[in-house]
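Trainee: I am sharing work34.csv, which consists of CSV, C-alpha atoms:
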```csv
chain,number,residue,atom,x,y,z
A,1,MET,CA,200.3,81.8,31.9
A,2,SER,CA,201.1,83.3,35.4
A,3,ASN,CA,199.1,86.4,34.6
A,4,GLU,CA,196.1,84.4,33.5
A,5,ALA,CA,196.3,82.3,36.6
A,6,VAL,CA,196.3,85.3,38.9
A,7,GLU,CA,193.5,87.0,37.0
A,8,TYR,CA,191.4,83.8,37.1
A,9,VAL,CA,191.9,83.3,40.9
A,10,ARG,CA,191.1,87.0,41.6
A,11,GLY,CA,188.0,86.8,39.5
A,12,ILE,CA,186.5,83.7,41.1
A,13,PRO,CA,183.9,85.6,43.2
A,14,VAL,CA,182.6,87.4,40.2
A,15,VAL,CA,182.7,84.2,38.1
A,16,LYS,CA,180.7,82.3,40.7
A,17,THR,CA,178.2,85.1,41.0
A,18,PHE,CA,177.4,85.1,37.3
A,19,GLY,CA,177.7,81.3,36.8
A,20,GLN,CA,180.5,81.7,34.1
A,21,SER,CA,182.9,79.2,35.6
A,22,VAL,CA,183.3,77.1,32.4
A,23,PHE,CA,183.7,80.1,30.1
A,24,SER,CA,186.2,82.0,32.4
A,25,PHE,CA,188.3,78.9,32.7
A,26,LYS,CA,188.7,78.7,28.9
A,27,ARG,CA,191.2,81.6,28.9
A,28,PHE,CA,193.3,80.1,31.6
A,29,LYS,CA,193.2,76.7,29.9
A,30,ALA,CA,194.1,78.3,26.6
A,31,SER,CA,197.1,80.0,28.2
A,32,ILE,CA,198.3,76.7,29.6
A,33,GLU,CA,197.9,75.0,26.2
A,34,ASN,CA,199.7,77.9,24.4
A,35,TYR,CA,202.6,77.6,26.9
A,36,GLU,CA,202.7,73.8,26.3
A,37,LYS,CA,203.0,74.3,22.6
A,38,TRP,CA,205.7,76.9,23.0
A,39,VAL,CA,207.8,74.7,25.4
A,40,ILE,CA,207.5,71.7,23.0
A,41,ALA,CA,208.4,73.8,20.0
A,42,TYR,CA,211.4,75.4,21.9
A,43,THR,CA,212.6,72.0,23.1
A,44,LYS,CA,212.4,70.5,19.6
A,45,GLU,CA,214.3,73.4,18.2
A,46,LEU,CA,217.2,73.0,20.7
A,47,ARG,CA,217.1,69.2,20.7
A,48,ILE,CA,219.7,68.5,18.0
A,49,PRO,CA,222.2,71.3,19.2
A,50,MET,CA,221.9,70.0,22.8
A,51,VAL,CA,222.5,66.4,21.8
A,52,CYS,CA,225.5,67.3,19.8
A,53,TYR,CA,226.9,69.5,22.6
A,54,THR,CA,226.4,66.8,25.2
A,55,THR,CA,227.9,64.1,23.0
A,56,VAL,CA,231.0,66.2,22.3
A,57,ILE,CA,231.8,67.3,25.8
A,58,ASN,CA,231.2,63.8,27.2
A,59,ALA,CA,233.3,62.1,24.5
A,60,VAL,CA,236.6,63.9,25.1
A,61,PHE,CA,238.0,60.7,26.7
A,62,ALA,CA,237.3,58.8,23.4
A,63,VAL,CA,239.6,61.2,21.6
A,64,LEU,CA,242.3,60.6,24.2
A,65,ILE,CA,242.0,56.9,23.7
A,66,GLY,CA,242.3,57.2,19.9
A,67,ALA,CA,245.3,59.4,20.3
A,68,ALA,CA,246.9,56.8,22.7
A,69,PHE,CA,246.5,54.1,20.1
A,70,ALA,CA,248.1,56.4,17.4
A,71,PHE,CA,251.1,57.2,19.6
A,72,THR,CA,251.8,53.7,20.8
A,73,VAL,CA,251.2,51.8,17.6
A,74,ASN,CA,254.9,51.4,17.0
A,75,GLY,CA,255.9,50.9,20.6
A,76,SER,CA,254.8,51.5,24.1
A,77,SER,CA,255.5,54.5,26.1
A,78,LYS,CA,254.9,54.0,29.8
A,79,THR,CA,255.1,57.8,30.5
A,80,PHE,CA,252.5,58.6,27.8
A,81,LEU,CA,250.2,55.9,29.2
A,82,LEU,CA,250.4,57.3,32.7
A,83,ASN,CA,249.6,60.7,31.4
A,84,LEU,CA,246.7,59.3,29.4
A,85,ILE,CA,245.2,57.7,32.4
A,86,PHE,CA,245.5,61.0,34.3
A,87,TYR,CA,243.7,62.9,31.6
A,88,ILE,CA,241.0,60.2,31.3
A,89,ILE,CA,240.4,60.6,35.0
A,90,ILE,CA,240.4,64.4,34.9
A,91,THR,CA,238.1,64.6,31.8
A,92,PRO,CA,234.8,64.5,33.7
A,93,ILE,CA,235.9,67.7,35.4
A,94,ILE,CA,236.1,69.4,32.0
A,95,THR,CA,232.6,68.2,31.2
A,96,VAL,CA,231.2,69.6,34.5
A,97,THR,CA,233.0,72.9,33.9
A,98,LEU,CA,231.7,73.3,30.4
A,99,ASN,CA,228.1,72.5,31.6
A,100,LYS,CA,228.4,75.1,34.3
A,101,ILE,CA,229.6,77.7,31.7
A,102,MET,CA,226.6,76.8,29.5
A,103,TYR,CA,224.1,77.2,32.4
A,104,SER,CA,225.8,80.4,33.7
A,105,SER,CA,225.0,82.1,30.4
A,106,GLU,CA,221.3,81.3,31.1
A,107,ASN,CA,221.6,82.6,34.6
A,108,ALA,CA,223.3,85.7,33.3
A,109,MET,CA,220.3,86.4,31.1
A,110,ILE,CA,217.9,86.0,34.1
A,111,VAL,CA,220.1,88.4,36.2
A,112,GLU,CA,220.3,90.9,33.3
A,113,ASP,CA,216.5,90.9,33.0
A,114,ALA,CA,216.1,91.4,36.8
A,115,ILE,CA,218.6,94.3,36.8
A,116,LYS,CA,216.8,95.9,33.9
A,117,ARG,CA,213.5,95.7,35.9
A,118,ILE,CA,215.2,97.2,39.0
A,119,ASP,CA,216.8,99.9,36.8
A,120,SER,CA,213.5,100.8,35.3
A,121,ILE,CA,212.3,101.6,38.8
A,122,MET,CA,215.5,103.3,40.0
A,123,GLY,CA,215.6,105.2,36.8
A,124,GLN,CA,212.3,107.0,37.5
A,125,LYS,CA,213.0,110.7,37.9
A,126,PRO,CA,212.1,111.9,41.4
A,127,LEU,CA,210.1,115.0,41.9
A,128,GLU,CA,212.4,118.0,42.5
A,129,GLU,CA,212.9,119.1,46.0
A,130,PRO,CA,213.0,122.8,46.8
A,131,VAL,CA,216.4,124.2,47.8
A,132,ARG,CA,214.7,126.0,50.6
A,133,SER,CA,211.3,124.8,51.8
A,134,LYS,CA,208.5,127.3,52.3
A,135,HIS,CA,205.8,126.9,55.0
A,136,PRO,CA,202.1,127.1,54.2
A,137,GLN,CA,200.3,129.9,56.1
A,138,ASN,CA,197.0,127.8,56.4
A,139,PRO,CA,195.4,124.6,55.0
A,140,SER,CA,193.7,126.3,52.1
A,141,VAL,CA,194.0,124.9,48.5
A,142,THR,CA,194.1,126.9,45.3
A,143,PHE,CA,194.3,125.7,41.7
A,144,ARG,CA,195.5,128.3,39.2
A,145,HIS,CA,195.1,127.4,35.5
A,146,VAL,CA,196.1,123.8,36.3
A,147,SER,CA,196.6,121.4,33.4
A,148,PHE,CA,198.0,117.9,33.5
A,149,ARG,CA,198.8,115.2,31.0
A,150,TYR,CA,199.9,111.7,32.1
A,151,PRO,CA,203.2,110.5,30.5
A,152,HIS,CA,202.7,109.1,27.0
A,153,ALA,CA,199.0,110.1,27.1
A,154,SER,CA,197.5,111.5,23.9
A,155,LYS,CA,195.3,114.1,25.6
A,156,GLU,CA,195.2,116.1,28.8
A,157,ALA,CA,193.6,114.6,31.8
A,158,LEU,CA,193.0,118.1,33.2
A,159,HIS,CA,192.7,121.4,31.4
A,160,ASP,CA,192.8,125.0,32.8
A,161,ILE,CA,191.4,124.2,36.2
A,162,ASN,CA,190.7,127.2,38.5
A,163,LEU,CA,189.2,126.7,42.0
A,164,SER,CA,189.8,127.8,45.5
A,165,ILE,CA,189.1,125.8,48.7
A,166,GLY,CA,189.2,127.9,51.9
A,167,GLN,CA,190.6,126.8,55.3
A,168,GLY,CA,188.2,124.4,57.0
A,169,GLU,CA,185.9,124.0,54.0
A,170,HIS,CA,184.5,120.7,53.0
A,171,VAL,CA,184.3,120.3,49.2
A,172,ALA,CA,183.5,117.3,46.9
A,173,PHE,CA,184.5,116.3,43.4
A,174,VAL,CA,181.8,114.3,41.6
A,175,GLY,CA,181.2,113.5,37.9
A,176,PRO,CA,181.4,110.7,35.4
A,177,SER,CA,184.1,108.1,35.7
A,178,GLY,CA,187.4,109.1,34.1
A,179,GLY,CA,186.6,112.8,34.3
A,180,GLY,CA,189.7,113.6,36.4
A,181,LYS,CA,188.5,113.7,40.0
A,182,THR,CA,191.2,111.5,41.4
A,183,THR,CA,193.8,113.2,39.3
A,184,LEU,CA,192.8,116.6,40.8
A,185,ALA,CA,193.2,115.2,44.3
A,186,SER,CA,196.5,113.5,43.6
A,187,LEU,CA,198.0,116.7,42.4
A,188,VAL,CA,197.3,118.3,45.7
A,189,ALA,CA,199.4,115.7,47.4
A,190,ARG,CA,202.0,116.0,44.6
A,191,PHE,CA,201.8,112.4,43.5
A,192,TRP,CA,202.4,114.1,40.1
A,193,ASP,CA,203.5,117.5,39.1
A,194,THR,CA,201.3,119.7,37.0
A,195,THR,CA,202.2,120.2,33.4
A,196,GLY,CA,200.7,123.7,33.4
A,197,GLY,CA,199.6,126.2,36.1
A,198,SER,CA,200.2,125.8,39.8
A,199,ILE,CA,198.6,124.4,43.0
A,200,LEU,CA,199.0,126.5,46.2
A,201,ILE,CA,198.6,125.3,49.8
A,202,GLY,CA,198.3,128.2,52.2
A,203,GLY,CA,199.5,130.6,49.5
A,204,VAL,CA,202.7,128.5,48.8
A,205,ASN,CA,203.3,126.5,45.6
A,206,VAL,CA,203.4,122.7,46.5
A,207,LYS,CA,206.6,122.5,44.5
A,208,ASP,CA,208.2,124.9,47.0
A,209,ILE,CA,207.2,122.8,50.0
A,210,SER,CA,209.5,119.9,51.1
A,211,SER,CA,208.0,116.5,50.5
A,212,LYS,CA,208.1,115.7,54.3
A,213,GLU,CA,206.2,118.8,55.2
A,214,LEU,CA,203.8,118.3,52.4
A,215,MET,CA,203.1,114.8,53.6
A,216,ASP,CA,202.6,116.1,57.1
A,217,THR,CA,200.1,118.6,55.7
A,218,VAL,CA,198.0,116.3,53.5
A,219,SER,CA,196.5,113.0,54.5
A,220,PHE,CA,195.0,110.7,51.9
A,221,VAL,CA,192.5,107.9,52.5
A,222,PHE,CA,192.4,105.8,49.4
A,223,GLN,CA,189.5,103.9,47.8
A,224,ASP,CA,191.3,100.6,48.2
A,225,SER,CA,193.1,100.8,51.5
A,226,LYS,CA,196.2,98.7,51.9
A,227,LEU,CA,197.3,97.1,55.2
A,228,LEU,CA,200.8,95.7,55.4
A,229,LYS,CA,201.6,92.3,56.9
A,230,MET,CA,202.3,93.7,60.4
A,231,SER,CA,200.3,94.2,63.5
A,232,ILE,CA,197.3,96.5,63.7
A,233,PHE,CA,199.3,98.7,66.0
A,234,ASP,CA,202.2,99.1,63.6
A,235,ASN,CA,199.8,99.6,60.6
A,236,VAL,CA,198.0,102.5,62.3
A,237,ARG,CA,201.2,104.0,63.8
A,238,MET,CA,202.5,104.5,60.2
A,239,GLY,CA,200.5,107.7,60.4
A,240,ARG,CA,202.9,109.0,63.1
A,241,PRO,CA,205.8,106.6,63.9
A,242,ASP,CA,206.5,108.3,67.3
A,243,ALA,CA,202.9,107.8,68.6
A,244,THR,CA,202.4,106.1,71.9
A,245,ARG,CA,200.2,103.0,72.4
A,246,ALA,CA,197.6,105.1,74.1
A,247,GLU,CA,197.5,107.6,71.2
A,248,VAL,CA,197.0,104.7,68.7
A,249,MET,CA,194.2,103.3,70.8
A,250,GLU,CA,192.5,106.7,70.9
A,251,ALA,CA,192.7,107.0,67.1
A,252,LEU,CA,191.2,103.5,66.8
A,253,LYS,CA,188.4,104.4,69.1
A,254,LYS,CA,187.6,107.6,67.2
A,255,ALA,CA,187.6,105.6,63.9
A,256,GLN,CA,185.0,103.2,65.3
A,257,CYS,CA,187.4,100.3,65.2
A,258,GLU,CA,186.7,98.9,68.7
A,259,ASP,CA,184.6,96.0,67.4
A,260,ILE,CA,187.4,95.0,65.0
A,261,ILE,CA,190.0,94.9,67.8
A,262,ALA,CA,187.6,93.0,70.1
A,263,LYS,CA,187.2,90.1,67.6
A,264,LEU,CA,191.0,89.7,66.8
A,265,PRO,CA,192.9,87.0,68.7
A,266,LYS,CA,195.6,89.4,70.0
A,267,GLY,CA,193.8,92.7,69.8
A,268,ILE,CA,195.9,95.5,68.3
A,269,ASP,CA,199.0,93.2,68.3
A,270,THR,CA,197.3,90.8,65.8
A,271,ILE,CA,199.4,90.6,62.6
A,272,ILE,CA,197.2,91.0,59.5
A,273,GLY,CA,197.5,88.0,57.2
A,274,SER,CA,199.0,85.6,59.8
A,275,SER,CA,197.1,82.4,60.7
A,276,GLY,CA,194.3,83.3,58.3
A,277,THR,CA,193.6,86.7,60.1
A,278,TYR,CA,192.1,89.1,57.6
A,279,VAL,CA,189.7,92.1,57.7
A,280,SER,CA,187.0,93.1,55.3
A,281,GLY,CA,187.2,96.1,52.9
A,282,GLY,CA,185.0,98.2,55.2
A,283,GLU,CA,187.1,97.3,58.3
A,284,ALA,CA,190.4,98.0,56.4
A,285,GLN,CA,188.9,101.4,55.5
A,286,ARG,CA,188.2,102.2,59.2
A,287,LEU,CA,191.7,101.2,60.1
A,288,SER,CA,193.0,103.5,57.4
A,289,ILE,CA,190.9,106.3,58.9
A,290,ALA,CA,192.5,105.6,62.3
A,291,ARG,CA,195.9,106.0,60.6
A,292,ALA,CA,194.8,109.4,59.1
A,293,MET,CA,193.4,110.5,62.5
A,294,LEU,CA,196.7,109.7,64.2
A,295,LYS,CA,198.6,111.7,61.5
A,296,ASN,CA,196.3,114.6,62.2
A,297,ALA,CA,197.1,116.5,59.0
A,298,PRO,CA,195.1,119.7,58.4
A,299,ILE,CA,194.1,118.7,54.8
A,300,ILE,CA,192.2,115.4,54.3
A,301,ILE,CA,191.6,113.8,50.9
A,302,LEU,CA,189.0,111.0,50.8
A,303,ASP,CA,189.0,109.1,47.5
A,304,GLU,CA,185.8,107.0,47.3
A,305,ALA,CA,186.5,105.9,50.9
A,306,THR,CA,183.1,104.1,51.3
A,307,ALA,CA,183.3,102.2,48.0
A,308,PHE,CA,183.8,98.8,49.5
A,309,ALA,CA,181.8,99.2,52.7
A,310,ASP,CA,178.6,97.3,53.5
A,311,PRO,CA,175.7,99.2,55.0
A,312,ASP,CA,176.8,98.5,58.6
A,313,ASN,CA,180.4,99.4,57.9
A,314,GLU,CA,179.4,102.5,55.9
A,315,ALA,CA,177.5,103.9,58.8
A,316,LYS,CA,180.6,103.5,61.1
A,317,VAL,CA,182.9,104.9,58.4
A,318,GLN,CA,180.7,108.0,58.0
A,319,GLU,CA,180.7,108.5,61.8
A,320,ALA,CA,184.5,108.1,61.7
A,321,PHE,CA,184.7,110.7,58.8
A,322,ALA,CA,182.7,113.2,60.9
A,323,LYS,CA,185.4,113.0,63.7
A,324,LEU,CA,188.3,112.9,61.2
A,325,SER,CA,187.2,116.0,59.3
A,326,ALA,CA,186.3,118.2,62.3
A,327,GLY,CA,188.1,121.5,61.8
A,328,LYS,CA,190.0,120.2,58.7
A,329,THR,CA,190.0,121.2,55.1
A,330,VAL,CA,188.4,118.2,53.4
A,331,ILE,CA,188.3,117.1,49.7
A,332,MET,CA,186.0,114.2,49.0
A,333,ILE,CA,185.8,112.2,45.8
A,334,ALA,CA,182.5,110.2,45.6
A,335,HIS,CA,180.1,108.4,43.3
A,336,ARG,CA,177.6,107.9,46.0
A,337,LEU,CA,176.0,111.4,45.9
A,338,THR,CA,174.3,111.0,49.2
A,339,THR,CA,177.7,111.2,50.9
A,340,VAL,CA,178.4,114.7,49.5
A,341,THR,CA,175.1,116.5,49.9
A,342,GLY,CA,176.3,118.2,53.1
A,343,ALA,CA,179.5,119.6,51.5
A,344,ASP,CA,180.1,123.3,51.5
A,345,ARG,CA,180.7,123.2,47.7
A,346,ILE,CA,180.5,120.5,45.1
A,347,TYR,CA,182.6,120.6,41.9
A,348,VAL,CA,181.3,118.6,38.9
A,349,VAL,CA,184.3,117.4,36.9
A,350,LYS,CA,183.8,116.2,33.4
A,351,GLU,CA,186.5,115.4,30.8
A,352,GLY,CA,189.1,117.3,32.7
A,353,LYS,CA,187.1,120.5,33.3
A,354,ILE,CA,185.0,122.0,36.0
A,355,GLU,CA,181.5,121.6,34.5
A,356,GLU,CA,179.5,123.0,37.5
A,357,GLN,CA,180.1,124.2,41.1
A,358,GLY,CA,177.9,125.1,44.0
A,359,SER,CA,176.0,123.6,47.0
A,360,HIS,CA,173.8,120.5,46.5
A,361,GLU,CA,170.7,122.7,46.6
A,362,GLN,CA,172.1,125.2,44.0
A,363,LEU,CA,173.2,122.5,41.6
A,364,GLU,CA,169.9,120.7,41.9
A,365,ARG,CA,168.0,123.9,40.9
A,366,PHE,CA,170.5,124.5,38.1
A,367,HIS,CA,169.1,121.4,36.2
A,368,GLY,CA,172.5,120.6,34.7
A,369,LEU,CA,174.7,117.5,34.8
A,370,TYR,CA,174.6,117.2,38.6
A,371,SER,CA,170.8,117.4,38.7
A,372,ARG,CA,170.6,114.6,36.1
A,373,MET,CA,173.2,112.5,38.1
A,374,TRP,CA,171.2,113.1,41.3
A,375,LYS,CA,167.9,111.9,39.7
A,376,GLU,CA,169.6,108.8,38.2
A,377,TYR,CA,171.2,108.0,41.5
A,378,ASN,CA,167.9,108.2,43.3
A,379,ASN,CA,166.2,106.1,40.6
A,380,SER,CA,168.9,103.4,41.0
A,381,ALA,CA,168.7,103.6,44.8
A,382,ASN,CA,164.9,103.1,44.7
A,383,TRP,CA,165.0,100.3,42.1
A,384,LYS,CA,163.5,97.0,43.1
A,385,VAL,CA,163.8,93.6,41.6
A,386,GLY,CA,160.6,92.8,39.7
A,387,GLY,CA,159.0,96.1,40.6
A,388,GLU,CA,156.2,96.1,43.2
A,389,SER,CA,155.5,92.7,44.9
A,390,THR,CA,152.3,91.0,43.8
A,391,TRP,CA,152.3,88.5,46.6
A,392,ALA,CA,149.3,88.7,49.0
```
Could you rewrite the structure in this file as structure tokens?
Mentor:
Amino acid sequence: MSNEAVEYVRGIPVVKTFGQSVFSFKRFKASIENYEKWVIAYTKELRIPMVCYTTVINAVFAVLIGAAFAFTVNGSSKTFLLNLIFYIIITPIITVTLNKIMYSSENAMIVEDAIKRIDSIMGQKPLEEPVRSKHPQNPSVTFRHVSFRYPHASKEALHDINLSIGQGEHVAFVGPSGGGKTTLASLVARFWDTTGGSILIGGVNVKDISSKELMDTVSFVFQDSKLLKMSIFDNVRMGRPDATRAEVMEALKKAQCEDIIAKLPKGIDTIIGSSGTYVSGGEAQRLSIARAMLKNAPIIILDEATAFADPDNEAKVQEAFAKLSAGKTVIMIAHRLTTVTGADRIYVVKEGKIEEQGSHEQLERFHGLYSRMWKEYNNSANWKVGGESTWA
């Protein structure tokens, strides 16, 4: 029921756009009704045992009174009666104790479940750290016969990938959804380890580079940028925790974030999420770019970084990208093909393999998958509602 509630609330913008409010509410309503049926059935099942249990533990004093009559039927015993009164008074404590024991078993189940959830996270095997870290000679990236399969997956996400990205080159990964573009980029940052082959940065296997140095070498701007509930200053300074206020302001300026800062009540000290203060997807993207600029890593990975930007924000994001990528090795993942036409080399990834590679002009002349994607992209970009206008 909770999952359905969250899904329903998150989907409200889409539901309103397509006028499906009644139909979308049916699933949420059905989950509530199913929960109601389960609770009632569960309650009925436990009703008789619970009534019996409650009756027994609250009727202990009745047993004591019956015993008193049995013992004093042939004569009175003042000592026994005094003891009886004491036990009748103390009996409610027994009842409370037994109830607490009963509910403690329920709490134990809740705690056990919580511990299992925590253990499932803590039990994840960390990536192995090298005994002695090696240092990349330059920010070049090389894939040598790289294959990768996600845990429990039935097929490989990547198969025998070979490619080389030189120092300072700007390359792009494009192709159909689910082809393996993001997986390729994630392996460079060692979010996962390859199941076959190796990835080299500056001639050194990423497995032989310490995680700290690797994170200092690679900067990742995600498609869905996350900002923590802290000030803009602290969010950006996560890129380099020892940065000064002036350095953070310079990064924000280069990332075209001045208009965002100007409209916030406390400038860069404004806490995101407090008092209804939020930023749009495109603005969050620019703040993420500022973080990456402050980090100043020699290898930049941009994963669909303009996906949620409106036209105005996209223009500013692109300008920020130009400053961010100056003199850096850049890997771009994009569905908007216009953003990658200026790349030194474009890799077309399909079903975990490199289908084509070359510059935009070379791939367009090749008349392969990229050429078809380019034509389809232009057709969709030029599409108009209702075709040509017939109004005078």
Trainee: Measuring atom to atom with only C-alpha atoms, identify which of A:Gly123, A:Gly175, A:Pro265, A:Gly202 is nearest to Gln357 (chain A).
Mentor: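 Among A:Gly123, A:Gly175, A:Pro265, A:Gly202, it is A:Gly175 that comes nearest to Gln357 (chain A).
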Trainee: Considering all atoms listed in the file, state which residue in the set A:Lys328, A:Lys125, A:Lys37, A:Arg372 is at the smallest distance from Val348 (chain A).
Mentor: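 Of the candidates, the smallest distance to Val348 (chain A) is held by A:Arg372.
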Trainee: Show which residues sit within 10 Å of region 204-220 of chain A, as a PyMOL selection string. Count only C-alpha atoms, and ignore same-chain residues fewer than 3 positions away.
Mentor: chain A and resi 127-143+185-190+193-194+198-201+223+239-240+288-289+291-293+295-303+305+329-331
Trainee: Counting only C-alpha atoms, which of A:Ala41, A:Glu33, A:Gly282, A:Ile94 gets nearest to Ile57 (chain A)?
Mentor: A:Ile94
Trainee: Which neighbours of Leu158 (chain A) fall inside 7 Å, counting all atoms listed in the file, when residues of the same chain fewer than 6 positions from it are skipped, and could you give them as number ranges by chain?
Mentor: A: 147-149, 180, 352-353
Trainee: Which polymer residues have any atom within 8 Å of an atom of Leu294 (chain A), counting only C-alpha atoms, with same-chain residues fewer than 3 positions away left out, as a ChimeraX atom specification?
Mentor: /A:236-237,239-240,243,247-248,251,290-291
Trainee: From the options A:Ile121, A:Val340, A:Val6, A:Val96, which residue's atoms come nearest to His170 (chain A), counting all atoms listed in the file?
Mentor: A:Val340
Trainee: CA of Glu356 (chain A) and CA of Ala322 (chain A), how far apart in Å?
Mentor: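 Between these atoms lies a distance of 25.6 Å.
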